[in-house]
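One file, input38.cif, carrying mmCIF, C-alpha atoms:
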data_query
#
loop_
_atom_site.label_atom_id
_atom_site.label_comp_id
_atom_site.auth_asym_id
_atom_site.auth_seq_id
_atom_site.Cartn_x
_atom_site.Cartn_y
_atom_site.Cartn_z
CA MET O 1 -7.24 -29.48 -7.80
CA ASN O 2 -6.53 -32.82 -6.12
CA THR O 3 -8.51 -36.04 -6.61
CA MET O 4 -10.67 -35.61 -3.52
CA GLN O 5 -11.60 -32.08 -4.50
CA SER O 6 -12.48 -33.15 -8.06
CA ILE O 7 -15.14 -35.58 -6.78
CA ALA O 8 -18.42 -33.67 -6.42
CA SER O 9 -21.06 -34.72 -3.91
CA VAL O 10 -24.74 -34.78 -4.81
CA LEU O 11 -27.44 -35.13 -2.14
CA ALA O 12 -30.60 -37.06 -3.08
CA VAL O 13 -33.50 -36.68 -0.64
CA ASP O 14 -36.61 -38.88 -0.94
CA ASP O 15 -38.69 -40.89 1.52
CA ASP O 16 -39.13 -43.64 -1.08
CA PRO O 17 -36.15 -46.09 -1.01
CA ARG O 18 -36.85 -47.19 -4.58
CA SER O 19 -36.60 -43.60 -5.84
CA LEU O 20 -33.30 -43.15 -3.98
CA THR O 21 -31.95 -46.37 -5.52
CA ALA O 22 -32.97 -45.21 -8.99
CA LEU O 23 -31.42 -41.76 -8.48
CA SER O 24 -28.19 -43.25 -7.17
CA GLY O 25 -27.96 -45.56 -10.15
CA LEU O 26 -28.57 -42.81 -12.70
CA LEU O 27 -26.23 -40.29 -11.10
CA GLY O 28 -23.59 -42.95 -10.53
CA GLU O 29 -23.14 -43.06 -14.30
CA LEU O 30 -21.74 -39.52 -14.22
CA PRO O 31 -17.93 -39.29 -13.80
CA ALA O 32 -16.44 -38.29 -10.44
CA ILE O 33 -19.79 -38.10 -8.67
CA ARG O 34 -20.46 -39.21 -5.09
CA VAL O 35 -24.15 -39.69 -4.34
CA VAL O 36 -25.29 -39.17 -0.74
CA THR O 37 -28.86 -40.18 0.14
CA ALA O 38 -31.30 -39.02 2.81
CA ARG O 39 -34.78 -40.39 3.48
CA SER O 40 -36.21 -37.34 5.24
CA GLY O 41 -35.91 -33.60 5.49
CA GLU O 42 -34.35 -33.92 8.93
CA GLU O 43 -31.68 -36.31 7.65
CA ALA O 44 -31.02 -33.97 4.72
CA LEU O 45 -30.32 -31.11 7.15
CA ARG O 46 -27.81 -33.27 9.04
CA GLN O 47 -26.03 -34.16 5.81
CA VAL O 48 -25.85 -30.50 4.78
CA LEU O 49 -24.24 -29.64 8.11
CA GLN O 50 -21.53 -32.25 7.52
CA SER O 51 -20.68 -31.83 3.84
CA ASP O 52 -20.79 -29.43 0.90
CA PHE O 53 -22.87 -30.48 -2.09
CA ALA O 54 -22.77 -29.46 -5.72
CA VAL O 55 -26.55 -29.84 -6.00
CA ILE O 56 -29.43 -31.20 -3.91
CA LEU O 57 -32.25 -33.28 -5.43
CA MET O 58 -35.21 -32.89 -3.06
CA ASP O 59 -38.58 -34.67 -3.06
CA ALA O 60 -41.14 -31.94 -2.50
CA ARG O 61 -43.67 -34.09 -0.66
CA MET O 62 -42.31 -36.01 2.34
CA PRO O 63 -43.85 -36.84 5.72
CA GLY O 64 -42.66 -34.78 8.65
CA LEU O 65 -40.33 -32.04 7.42
CA ASP O 66 -41.31 -31.73 3.77
CA GLY O 67 -39.05 -30.61 0.95
CA PHE O 68 -40.24 -26.99 0.98
CA GLU O 69 -39.48 -26.47 4.68
CA ALA O 70 -36.19 -28.39 4.42
CA ALA O 71 -35.12 -26.18 1.49
CA ARG O 72 -35.97 -23.05 3.48
CA LEU O 73 -33.87 -24.21 6.42
CA ILE O 74 -30.99 -25.15 4.13
CA ARG O 75 -31.08 -21.64 2.67
CA GLU O 76 -30.88 -20.11 6.16
CA ARG O 77 -27.50 -21.74 6.86
CA GLU O 78 -24.46 -19.80 5.71
CA ARG O 79 -22.61 -22.87 4.52
CA SER O 80 -25.43 -24.08 2.26
CA ARG O 81 -26.99 -20.74 1.40
CA HIS O 82 -25.99 -20.93 -2.27
CA THR O 83 -26.29 -24.68 -2.85
CA PRO O 84 -28.67 -25.24 -5.81
CA ILE O 85 -31.81 -27.27 -5.01
CA ILE O 86 -33.81 -29.15 -7.66
CA PHE O 87 -37.26 -30.31 -6.55
CA LEU O 88 -38.55 -33.71 -7.63
CA THR O 89 -42.32 -33.46 -7.97
CA GLY O 90 -45.21 -35.45 -9.26
CA ALA O 91 -46.64 -34.48 -12.62
CA TYR O 92 -49.86 -33.52 -10.86
CA GLU O 93 -48.24 -30.68 -8.85
CA ASP O 94 -50.15 -27.44 -9.35
CA LEU O 95 -48.77 -23.97 -10.02
CA SER O 96 -49.03 -22.91 -6.36
CA SER O 97 -46.72 -25.76 -5.34
CA VAL O 98 -44.22 -24.77 -8.00
CA THR O 99 -44.35 -21.18 -6.80
CA ARG O 100 -43.89 -22.30 -3.22
CA GLY O 101 -40.85 -24.30 -4.27
CA TYR O 102 -39.19 -21.34 -5.96
CA GLU O 103 -39.92 -19.20 -2.89
CA ALA O 104 -38.20 -21.82 -0.76
CA GLY O 105 -35.08 -21.52 -2.91
CA ALA O 106 -35.46 -24.05 -5.71
CA VAL O 107 -33.54 -23.43 -8.93
CA ASP O 108 -35.45 -26.00 -11.01
CA TYR O 109 -38.16 -28.69 -11.07
CA ILE O 110 -37.99 -32.23 -12.45
CA ALA O 111 -41.15 -34.34 -12.71
CA LYS O 112 -41.07 -37.85 -11.27
CA PRO O 113 -40.16 -40.29 -12.58
CA PRO O 114 -37.30 -38.24 -14.08
CA SER O 115 -36.02 -38.66 -17.59
CA PRO O 116 -32.49 -40.10 -17.24
CA GLU O 117 -31.06 -37.79 -19.91
CA ILE O 118 -32.66 -34.65 -18.48
CA LEU O 119 -31.69 -35.54 -14.91
CA LYS O 120 -28.08 -36.30 -15.73
CA SER O 121 -27.65 -33.26 -17.97
CA LYS O 122 -29.02 -30.86 -15.35
CA VAL O 123 -26.99 -32.38 -12.54
CA ALA O 124 -23.88 -32.35 -14.72
CA VAL O 125 -24.29 -28.60 -15.29
CA PHE O 126 -24.46 -27.85 -11.55
CA VAL O 127 -21.58 -30.20 -10.81
CA GLU O 128 -19.42 -28.43 -13.36
CA LEU O 129 -20.37 -25.06 -11.91
CA HIS O 130 -19.50 -26.38 -8.46
CA ARG O 131 -16.06 -27.50 -9.61
CA LYS O 132 -15.37 -24.19 -11.30
CA ASN O 133 -16.48 -22.36 -8.18
CA ILE O 134 -14.10 -24.44 -6.05
CA LYS O 135 -11.28 -23.70 -8.47
CA LEU O 136 -12.12 -20.00 -8.42
CA VAL O 137 -12.19 -19.96 -4.62
CA GLN O 138 -8.80 -21.69 -4.54
CA GLU O 139 -7.35 -19.16 -6.97
CA ILE O 140 -8.73 -16.31 -4.86
CA ILE O 141 -7.21 -17.82 -1.71
CA GLU O 142 -3.88 -18.32 -3.45
CA ARG O 143 -3.95 -14.77 -4.78
CA LYS O 144 -4.72 -13.45 -1.30
CA HIS O 145 -1.77 -15.42 0.03
CA VAL O 146 0.46 -13.98 -2.69
CA GLU O 147 -0.82 -10.49 -1.99
CA GLU O 148 -0.27 -10.98 1.72
CA ASP O 149 3.28 -12.21 1.10
CA LEU O 150 3.88 -9.24 -1.17
CA ARG O 151 2.49 -6.85 1.43
CA ARG O 152 4.70 -8.34 4.13
CA SER O 153 7.67 -8.10 1.80
CA GLN O 154 6.87 -4.47 1.07
CA ASP O 155 6.52 -3.77 4.78
CA ARG O 156 9.89 -5.36 5.46
CA LEU O 157 11.53 -3.42 2.65
CA ARG O 158 9.93 -0.19 3.88
CA ALA O 159 11.08 -0.90 7.43
CA LEU O 160 14.56 -1.60 6.11
CA ALA O 161 14.53 1.65 4.12
CA VAL O 162 13.45 3.59 7.21
CA HIS O 163 16.19 1.94 9.22
CA LEU O 164 18.82 2.70 6.57
CA GLN O 165 17.68 6.31 6.42
CA ALA O 166 17.95 6.60 10.18
CA VAL O 167 21.41 5.03 10.13
CA ARG O 168 22.46 7.34 7.33
CA GLU O 169 21.19 10.41 9.20
CA GLU O 170 23.07 9.35 12.30
CA GLU O 171 26.23 8.83 10.26
CA TRP O 172 25.82 12.18 8.54
CA THR O 173 25.31 13.85 11.91
CA ARG O 174 28.46 12.22 13.28
CA ILE O 175 30.54 13.15 10.22
CA SER O 176 29.14 16.68 10.25
CA ARG O 177 30.13 17.21 13.87
CA GLU O 178 33.56 15.69 13.37
CA ILE O 179 34.20 17.88 10.33
CA HIS O 180 32.93 20.97 12.10
CA ASP O 181 34.70 20.36 15.38
CA GLN O 182 37.94 18.58 14.52
CA LEU O 183 38.74 19.90 11.06
CA GLY O 184 37.37 23.34 11.84
CA GLN O 185 39.42 23.60 15.01
CA ALA O 186 42.53 22.33 13.23
CA LEU O 187 42.15 24.95 10.48
CA THR O 188 41.59 27.66 13.06
CA GLY O 189 44.80 26.59 14.79
CA VAL O 190 46.70 26.65 11.49
CA LYS O 191 45.41 30.16 10.79
CA MET O 192 46.51 31.36 14.23
CA ASP O 193 49.96 29.93 13.62
CA MET O 194 50.09 31.56 10.22
CA ARG O 195 49.12 34.92 11.74
CA TRP O 196 51.82 34.42 14.35
CA ILE O 197 54.37 33.84 11.60
CA PHE O 198 53.09 36.80 9.59
CA ASP O 199 53.37 39.17 12.56
CA ARG O 200 57.02 38.21 13.04
CA LEU O 201 58.15 38.45 9.46
CA PRO O 202 60.56 41.31 8.70
CA LYS O 203 58.75 44.16 6.96
CA GLU O 204 61.18 44.01 4.06
CA GLU O 205 60.12 40.39 3.35
CA THR O 206 57.13 41.48 1.31
CA ALA O 207 57.00 38.28 -0.74
CA LEU O 208 56.76 36.14 2.38
CA GLN O 209 54.14 38.45 3.85
CA GLU O 210 52.03 38.13 0.71
CA LYS O 211 52.34 34.35 0.81
CA ALA O 212 51.33 34.32 4.47
CA LEU O 213 48.29 36.53 3.81
CA ALA O 214 47.31 34.34 0.84
CA ALA O 215 47.60 31.27 3.08
CA CYS O 216 45.37 32.95 5.68
CA THR O 217 42.80 33.75 3.01
CA LEU O 218 42.92 30.17 1.74
CA ILE O 219 42.44 28.92 5.28
CA ASP O 220 39.44 31.24 5.71
CA ASP O 221 37.94 29.92 2.47
CA THR O 222 38.56 26.35 3.58
CA VAL O 223 36.94 26.98 6.95
CA GLU O 224 33.89 28.39 5.17
CA ALA O 225 33.80 25.36 2.86
CA VAL O 226 34.01 23.07 5.88
CA ARG O 227 31.10 24.89 7.49
CA GLU O 228 29.00 24.57 4.33
CA LEU O 229 29.84 20.89 3.97
CA SER O 230 29.00 20.29 7.62
CA ALA O 231 25.70 22.15 7.24
CA ARG O 232 24.73 20.16 4.14
CA LEU O 233 25.39 16.89 5.92
CA ARG O 234 23.35 17.89 8.97
CA PRO O 235 22.61 21.56 9.67
CA GLU O 236 22.96 22.37 13.36
CA VAL O 237 20.05 24.78 13.07
CA LEU O 238 17.70 21.80 12.51
CA ASP O 239 18.64 20.18 15.80
CA GLN O 240 19.07 23.37 17.79
CA LEU O 241 16.29 25.67 16.53
CA GLY O 242 13.86 23.31 14.83
CA LEU O 243 12.34 22.70 11.42
CA ALA O 244 11.05 26.22 10.71
CA ALA O 245 14.44 27.79 11.27
CA ALA O 246 16.11 25.07 9.19
CA ILE O 247 13.67 25.67 6.30
CA ASP O 248 14.34 29.40 6.46
CA TRP O 249 18.11 28.87 6.53
CA GLN O 250 18.03 26.34 3.67
CA ALA O 251 15.90 28.63 1.49
CA GLY O 252 18.31 31.53 2.07
CA ASP O 253 21.34 29.36 1.30
CA PHE O 254 19.61 28.02 -1.81
CA GLN O 255 18.80 31.53 -3.05
CA ARG O 256 22.40 32.63 -2.51
CA ARG O 257 23.86 29.67 -4.39
CA SER O 258 21.31 29.34 -7.21
CA GLY O 259 20.15 32.90 -7.78
CA ILE O 260 16.51 31.77 -7.65
CA ARG O 261 14.36 34.03 -5.49
CA CYS O 262 12.81 32.32 -2.48
CA HIS O 263 9.85 33.73 -0.58
CA VAL O 264 9.33 31.94 2.74
CA SER O 265 6.24 32.14 4.92
CA LEU O 266 6.54 30.48 8.33
CA PRO O 267 3.98 30.23 11.13
CA ALA O 268 4.53 31.87 14.47
CA GLN O 269 3.92 28.54 16.19
CA VAL O 270 5.04 25.21 14.77
CA PRO O 271 3.58 21.97 16.16
CA PRO O 272 6.20 19.98 18.06
CA LEU O 273 7.88 17.48 15.79
CA ASP O 274 10.16 14.65 16.79
CA ARG O 275 13.58 14.23 15.24
CA GLU O 276 12.37 11.69 12.65
CA ARG O 277 9.53 13.86 11.33
CA SER O 278 11.67 17.01 11.30
CA THR O 279 14.39 15.20 9.41
CA ALA O 280 11.92 13.75 6.89
CA ALA O 281 10.35 17.15 6.17
CA PHE O 282 13.73 18.86 5.86
CA ARG O 283 15.19 16.21 3.53
CA ILE O 284 12.07 16.38 1.35
CA PHE O 285 12.48 20.15 1.17
CA GLN O 286 16.12 19.75 0.13
CA GLU O 287 15.13 17.23 -2.55
CA LEU O 288 12.44 19.57 -3.88
CA LEU O 289 14.96 22.40 -4.19
CA THR O 290 17.38 20.09 -5.99
CA ASN O 291 14.66 19.02 -8.45
CA ILE O 292 13.74 22.65 -9.12
CA VAL O 293 17.34 23.45 -10.06
CA ARG O 294 17.66 20.37 -12.26
CA HIS O 295 14.31 20.33 -14.05
CA ALA O 296 12.07 23.32 -13.44
CA ALA O 297 13.99 26.27 -14.94
CA ALA O 298 12.20 28.44 -12.37
CA THR O 299 13.02 32.00 -11.32
CA ARG O 300 10.93 32.12 -8.14
CA ILE O 301 9.96 29.74 -5.35
CA ASP O 302 7.28 30.25 -2.72
CA VAL O 303 7.65 28.23 0.45
CA ALA O 304 4.91 28.08 3.09
CA MET O 305 4.68 26.03 6.23
CA GLN O 306 1.54 25.96 8.32
CA SER O 307 -0.07 23.98 11.09
CA ALA O 308 -3.06 21.85 10.21
CA PRO O 309 -5.38 19.86 12.47
CA GLY O 310 -3.22 17.05 13.72
CA GLY O 311 -0.21 17.76 11.55
CA LEU O 312 2.09 19.98 9.54
CA VAL O 313 1.73 21.10 5.91
CA LEU O 314 4.72 22.24 3.87
CA THR O 315 3.98 23.77 0.46
CA VAL O 316 6.63 24.50 -2.18
CA GLU O 317 5.55 26.20 -5.40
CA ASP O 318 7.70 27.33 -8.33
CA ASN O 319 7.05 29.20 -11.57
CA GLY O 320 8.97 26.78 -13.77
CA ARG O 321 7.98 24.57 -16.68
CA GLY O 322 5.65 22.37 -14.61
CA ILE O 323 5.96 18.70 -13.80
CA GLU O 324 4.26 16.29 -16.20
CA ALA O 325 1.94 13.49 -15.14
CA ALA O 326 4.20 10.90 -16.78
CA ALA O 327 7.06 11.90 -14.51
CA LEU O 328 4.96 11.32 -11.40
CA ASP O 329 4.38 7.66 -12.34
CA ASN O 330 7.82 7.03 -13.77
CA PRO O 331 9.47 4.16 -11.83
CA ASP O 332 12.86 5.71 -12.60
CA SER O 333 11.97 8.92 -10.72
CA LEU O 334 13.87 7.83 -7.65
CA GLY O 335 13.75 11.27 -6.09
CA LEU O 336 9.95 11.33 -6.12
CA ILE O 337 9.79 7.76 -4.85
CA GLY O 338 12.21 8.62 -2.04
CA MET O 339 10.14 11.60 -0.96
CA ARG O 340 6.96 9.54 -0.84
CA GLU O 341 8.70 6.82 1.14
CA ARG O 342 9.94 9.33 3.71
CA VAL O 343 6.42 10.32 4.79
CA LEU O 344 4.76 6.89 4.62
CA PRO O 345 6.00 5.70 8.05
CA PHE O 346 4.18 8.64 9.64
CA GLY O 347 0.97 8.23 7.64
CA GLY O 348 1.73 11.34 5.60
CA HIS O 349 1.43 12.01 1.89
CA ILE O 350 2.75 14.26 -0.87
CA ASP O 351 0.60 15.83 -3.57
CA PHE O 352 2.12 17.09 -6.83
CA THR O 353 0.26 19.51 -9.08
CA GLY O 354 1.83 20.77 -12.28
CA GLN O 355 0.75 22.94 -15.19
CA ARG O 356 2.90 23.15 -18.27
CA GLY O 357 4.60 26.52 -18.38
CA LYS O 358 3.00 27.61 -15.10
CA GLY O 359 5.04 25.77 -12.53
CA THR O 360 4.65 22.99 -9.99
CA ARG O 361 3.02 22.93 -6.58
CA VAL O 362 4.03 20.32 -4.02
CA GLN O 363 2.20 19.88 -0.74
CA VAL O 364 3.74 17.71 1.96
CA THR O 365 1.51 16.65 4.85
CA ILE O 366 3.03 15.02 7.93
CA PRO O 367 0.71 14.05 10.79
CA VAL O 368 1.99 14.79 14.28
#
What would the structure in this file look like if it were written as C-alpha cells?
Amino acid sequence: MNTMQSIASVLAVDDDPRSLTALSGLLGELPAIRVVTARSGEEALRQVLQSDFAVILMDARMPGLDGFEAARLIRERERSRHTPIIFLTGAYEDLSSVTRGYEAGAVDYIAKPPSPEILKSKVAVFVELHRKNIKLVQEIIERKHVEEDLRRSQDRLRALAVHLQAVREEEWTRISREIHDQLGQALTGVKMDMRWIFDRLPKEETALQEKALAACTLIDDTVEAVRELSARLRPEVLDQLGLAAAIDWQAGDFQRRSGIRCHVSLPAQVPPLDRERSTAAFRIFQELLTNIVRHAAATRIDVAMQSAPGGLVLTVEDNGRGIEAAALDNPDSLGLIGMRERVLPFGGHIDFTGQRGKGTRVQVTIPV
C-alpha cells in the first residue's frame, strides 16, 4: 500500500463552523488522517461524489438538506453505499430521531459535544477497517490478475498442445502413407523378382528353391508388418470409411493381438464428424485399449458408440480390476491427462467410473 493509499479521508458535516473546527482539530491528532469538511448536506453529497471516505461524521439537524436525508441519498449511490455514517446529535434527541437515523443508514450516534477519546477511538476503528478493506480489495485484484495470467497461460499451452497433436497426426499420416506406398511397393517388387528367380531355378537345386521360398515367406511377413505399422500410425479406414469403421477395425485387431474379447455395438447412423473430432475419439479409444492391457487384467471389453443430442458418445467398459479414484487425480497419469486434453478443444468431457474387482466404465462425449 503506497503513502497516498495509507492516508484515510474522513468527512465531517456540520452547519456550525465552530463544530467543524473542533472536529478537524480532534481528528487531526490521529495518524494518517485527512479531514474533509462540509457545511451542508448538499456539500456533503458533492464531496462523496468526488472522494471515498473511511467514515462520515454527520450532524443530524441542519437547515435545508438535513443529515437524515443526506445519509439516505449517500446510501443510494453505489460508490458510497457501504461508507459508515456516524450521526452527531444533541443530547436532547429523542428515540424516534435515533430510530430515524438508523433507518437512514447510520452505524452509530455520538452526542454533541463529543468526548475526544470516544470520538477518536470510534473513528480510528472505522479508519482501520477502511484500510484493511482497501488492502483486501487490492489483494483480490492482484489475485484476479494472477488467475487471469494463469488462465491465459493455460489457454496458450492448450492451444500449443492441440497444434502439436495436429502436427503429429499429419506427420504420422505422411509416414504411414510413405511406408505403405513406397516400402510396400518395394517389397512387392522384391517378392516378384524372387518368384521370377524361383521359377527359373533348376529342379535339382532344392536347397536354392527352399531358400527362395523362405525369402518369399519372409517378404510376405515383412509386408504384413509394414501394413500393421502403417495402420497403427494412421489407419486408412479412419479417413476412408469414418470413425465407426475405424473403431470396429481397431477392436478386432486388439482382440486378435491381446486375446481379450471385444464386443462392439455401433449405430446405424453416425453424426458427421470432422477430421479433428474423429481423430481425437479414435486416439482416445486406442489409449483406453492400451490402458486396459497394462492395468486392468480384463478378459472382456464392451464398446458402444451412439449418437446423442448434439454430439457423439463413446463408451468403453471392461471387467477388470477397476480404476481407483487416486489414479484419476494422479498428476503422473499422463495417459488420462492426454485423453482429457484431447476433448477439451471441442467442449467435450470424459467420465471414469470404476469399482474394485468389477471393472471400469469410461464414457467419452464429443459435441458435434
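All residues of protein, DNA or RNA that reach within 10 Å of region 179-193 of chain O, judged by only C-alpha atoms and not counting those fewer than 6 positions away in the chain, are Thr173, Asp199, Ala212, Leu213, Ala215, Cys216, Thr217, Leu218, Ile219, Asp220, Thr222, Val223, Glu224, Ala225, Val226, Arg227, Glu228, Leu229, Ser230, Ala231 and Leu233 of chain O.
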- Find the spatial neighbours of Glu236 (chain O), counting all atoms listed in the file, within a cut-off of 10 Å - ignore same-chain residues fewer than 4 positions away - and output them as a VMD selection string. chain O and resid 173 176 to 177 230 to 232 240 to 242 246
- Resolved residues for the PyMOL selection byres ((chain O and resi 34-46) around 6) as a PyMOL selection string: chain O and resi 9-15+33+47-49+65-66+70
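With the shown file loaded, the PyMOL selection byres ((chain O and resi 282) around 9) picks out Leu238, Leu243, Ala246, Ile247, Gln250, Arg277, Ser278, Thr279, Ala280, Ala281, Arg283, Ile284, Phe285, Gln286 and Glu287 of chain O.
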- Task: Quick one: everything within 12 Å of Glu76 (chain O), counting all atoms listed in the file, minus sequence neighbours fewer than 3 positions away in the same chain. Send it as a PyMOL selection string.
- Result: chain O and resi 45+48-49+69-73+79-83+104-105
Would you export the selected residues with C-alpha atoms as a JSON list (two decimals), in the frame of the given file, please?
[["chain", "number", "residue", "atom", "x", "y", "z"],
["O", 45, "LEU", "CA", -30.32, -31.11, 7.15],
["O", 48, "VAL", "CA", -25.85, -30.50, 4.78],
["O", 49, "LEU", "CA", -24.24, -29.64, 8.11],
["O", 69, "GLU", "CA", -39.48, -26.47, 4.68],
["O", 70, "ALA", "CA", -36.19, -28.39, 4.42],
["O", 71, "ALA", "CA", -35.12, -26.18, 1.49],
["O", 72, "ARG", "CA", -35.97, -23.05, 3.48],
["O", 73, "LEU", "CA", -33.87, -24.21, 6.42],
["O", 79, "ARG", "CA", -22.61, -22.87, 4.52],
["O", 80, "SER", "CA", -25.43, -24.08, 2.26],
["O", 81, "ARG", "CA", -26.99, -20.74, 1.40],
["O", 82, "HIS", "CA", -25.99, -20.93, -2.27],
["O", 83, "THR", "CA", -26.29, -24.68, -2.85],
["O", 104, "ALA", "CA", -38.20, -21.82, -0.76],
["O", 105, "GLY", "CA", -35.08, -21.52, -2.91]]
- Message: Counting only C-alpha atoms, which residues sit no farther than 12 Å from the position (7.8, 5.5, 1.7) in the file's frame? I'd like them as a VMD selection string.
- Response: chain O and resid 154 to 163 165 280 284 334 to 350
Taking C-alpha atoms for each residue, export the selection above as a PDB file, keeping the file's coordinate frame.
ATOM      1  CA  GLN O 154       6.870  -4.470   1.070  1.00  0.00           C
ATOM      2  CA  ASP O 155       6.520  -3.770   4.780  1.00  0.00           C
ATOM      3  CA  ARG O 156       9.890  -5.360   5.460  1.00  0.00           C
ATOM      4  CA  LEU O 157      11.530  -3.420   2.650  1.00  0.00           C
ATOM      5  CA  ARG O 158       9.930  -0.190   3.880  1.00  0.00           C
ATOM      6  CA  ALA O 159      11.080  -0.900   7.430  1.00  0.00           C
ATOM      7  CA  LEU O 160      14.560  -1.600   6.110  1.00  0.00           C
ATOM      8  CA  ALA O 161      14.530   1.650   4.120  1.00  0.00           C
ATOM      9  CA  VAL O 162      13.450   3.590   7.210  1.00  0.00           C
ATOM     10  CA  HIS O 163      16.190   1.940   9.220  1.00  0.00           C
ATOM     11  CA  GLN O 165      17.680   6.310   6.420  1.00  0.00           C
ATOM     12  CA  ALA O 280      11.920  13.750   6.890  1.00  0.00           C
ATOM     13  CA  ILE O 284      12.070  16.380   1.350  1.00  0.00           C
ATOM     14  CA  LEU O 334      13.870   7.830  -7.650  1.00  0.00           C
ATOM     15  CA  GLY O 335      13.750  11.270  -6.090  1.00  0.00           C
ATOM     16  CA  LEU O 336       9.950  11.330  -6.120  1.00  0.00           C
ATOM     17  CA  ILE O 337       9.790   7.760  -4.850  1.00  0.00           C
ATOM     18  CA  GLY O 338      12.210   8.620  -2.040  1.00  0.00           C
ATOM     19  CA  MET O 339      10.140  11.600  -0.960  1.00  0.00           C
ATOM     20  CA  ARG O 340       6.960   9.540  -0.840  1.00  0.00           C
ATOM     21  CA  GLU O 341       8.700   6.820   1.140  1.00  0.00           C
ATOM     22  CA  ARG O 342       9.940   9.330   3.710  1.00  0.00           C
ATOM     23  CA  VAL O 343       6.420  10.320   4.790  1.00  0.00           C
ATOM     24  CA  LEU O 344       4.760   6.890   4.620  1.00  0.00           C
ATOM     25  CA  PRO O 345       6.000   5.700   8.050  1.00  0.00           C
ATOM     26  CA  PHE O 346       4.180   8.640   9.640  1.00  0.00           C
ATOM     27  CA  GLY O 347       0.970   8.230   7.640  1.00  0.00           C
ATOM     28  CA  GLY O 348       1.730  11.340   5.600  1.00  0.00           C
ATOM     29  CA  HIS O 349       1.430  12.010   1.890  1.00  0.00           C
ATOM     30  CA  ILE O 350       2.750  14.260  -0.870  1.00  0.00           C
TER      31      ILE O 350
END
Sorted per-residue table, region 200-267 of chain O near region 301-307 of chain O, closest atoms and distance, 7 Å, all atoms listed in the file, as JSON lines:
{"residue": "O:Arg261", "atom": "CA", "partner": "O:Ile301", "partner_atom": "CA", "distance": 6.1}
{"residue": "O:Cys262", "atom": "CA", "partner": "O:Ile301", "partner_atom": "CA", "distance": 4.8}
{"residue": "O:His263", "atom": "CA", "partner": "O:Asp302", "partner_atom": "CA", "distance": 4.8}
{"residue": "O:Val264", "atom": "CA", "partner": "O:Val303", "partner_atom": "CA", "distance": 4.7}
{"residue": "O:Ser265", "atom": "CA", "partner": "O:Ala304", "partner_atom": "CA", "distance": 4.6}
{"residue": "O:Leu266", "atom": "CA", "partner": "O:Met305", "partner_atom": "CA", "distance": 5.3}
{"residue": "O:Pro267", "atom": "CA", "partner": "O:Gln306", "partner_atom": "CA", "distance": 5.7}
- To one decimal in Å, tell me the separation between CA of Ala106 (chain O) and CA of Phe87 (chain O).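 Between CA of Ala106 (chain O) and CA of Phe87 (chain O) the gap is 6.6 Å.
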- Using only C-alpha atoms, which of the listed residues (O:Val368, O:Ala326, O:Ile141, O:Leu20) sits closest to Gly354 (chain O)?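 Selected residue with least distance to Gly354 (chain O): O:Ala326.
Between CA of Leu273 (chain O) and CA of Thr315 (chain O) the separation is 17.0 Å.
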- Item | Residue nearest Val107 (chain O) - candidates O:His145, O:Arg131, O:Gly90, O:Arg75, atoms counted: only C-alpha atoms |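 Using only C-alpha atoms, the shortest distance to Val107 (chain O) belongs to O:Arg75.
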- Query: Applied to this file, what does the PyMOL selection byres ((chain O and resi 118-124) around 12) return in terms of residues, put as a PyMOL selection string?
  - Reply: chain O and resi 8-12+22-33+35+53-57+84-88+107-117+125-131
- Task: Would you work out the distance separating CA of Val316 (chain O) from CA of Val362 (chain O), expressed in Å to one decimal?
- Result: 5.3 Å
- Item | Which of O:Gln269, O:Asp149, O:Arg100, O:Gln50 sits closest to Gly67 (chain O) [using all atoms listed in the file] |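 Closest to Gly67 (chain O), using all atoms listed in the file: O:Arg100.
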- Item | Nearest residue to Ala325 (chain O) from the set O:Arg356, O:Ala251, O:Ile292, O:Gln138 (distances using only C-alpha atoms) |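 Result for the nearest residue to Ala325 (chain O): O:Arg356.
Compared by their closest atoms to Ala244 (chain O), and using all atoms listed in the file, the residues O:Pro272, O:Gly311, O:Pro331, O:Pro202 rank with O:Pro272 nearest.
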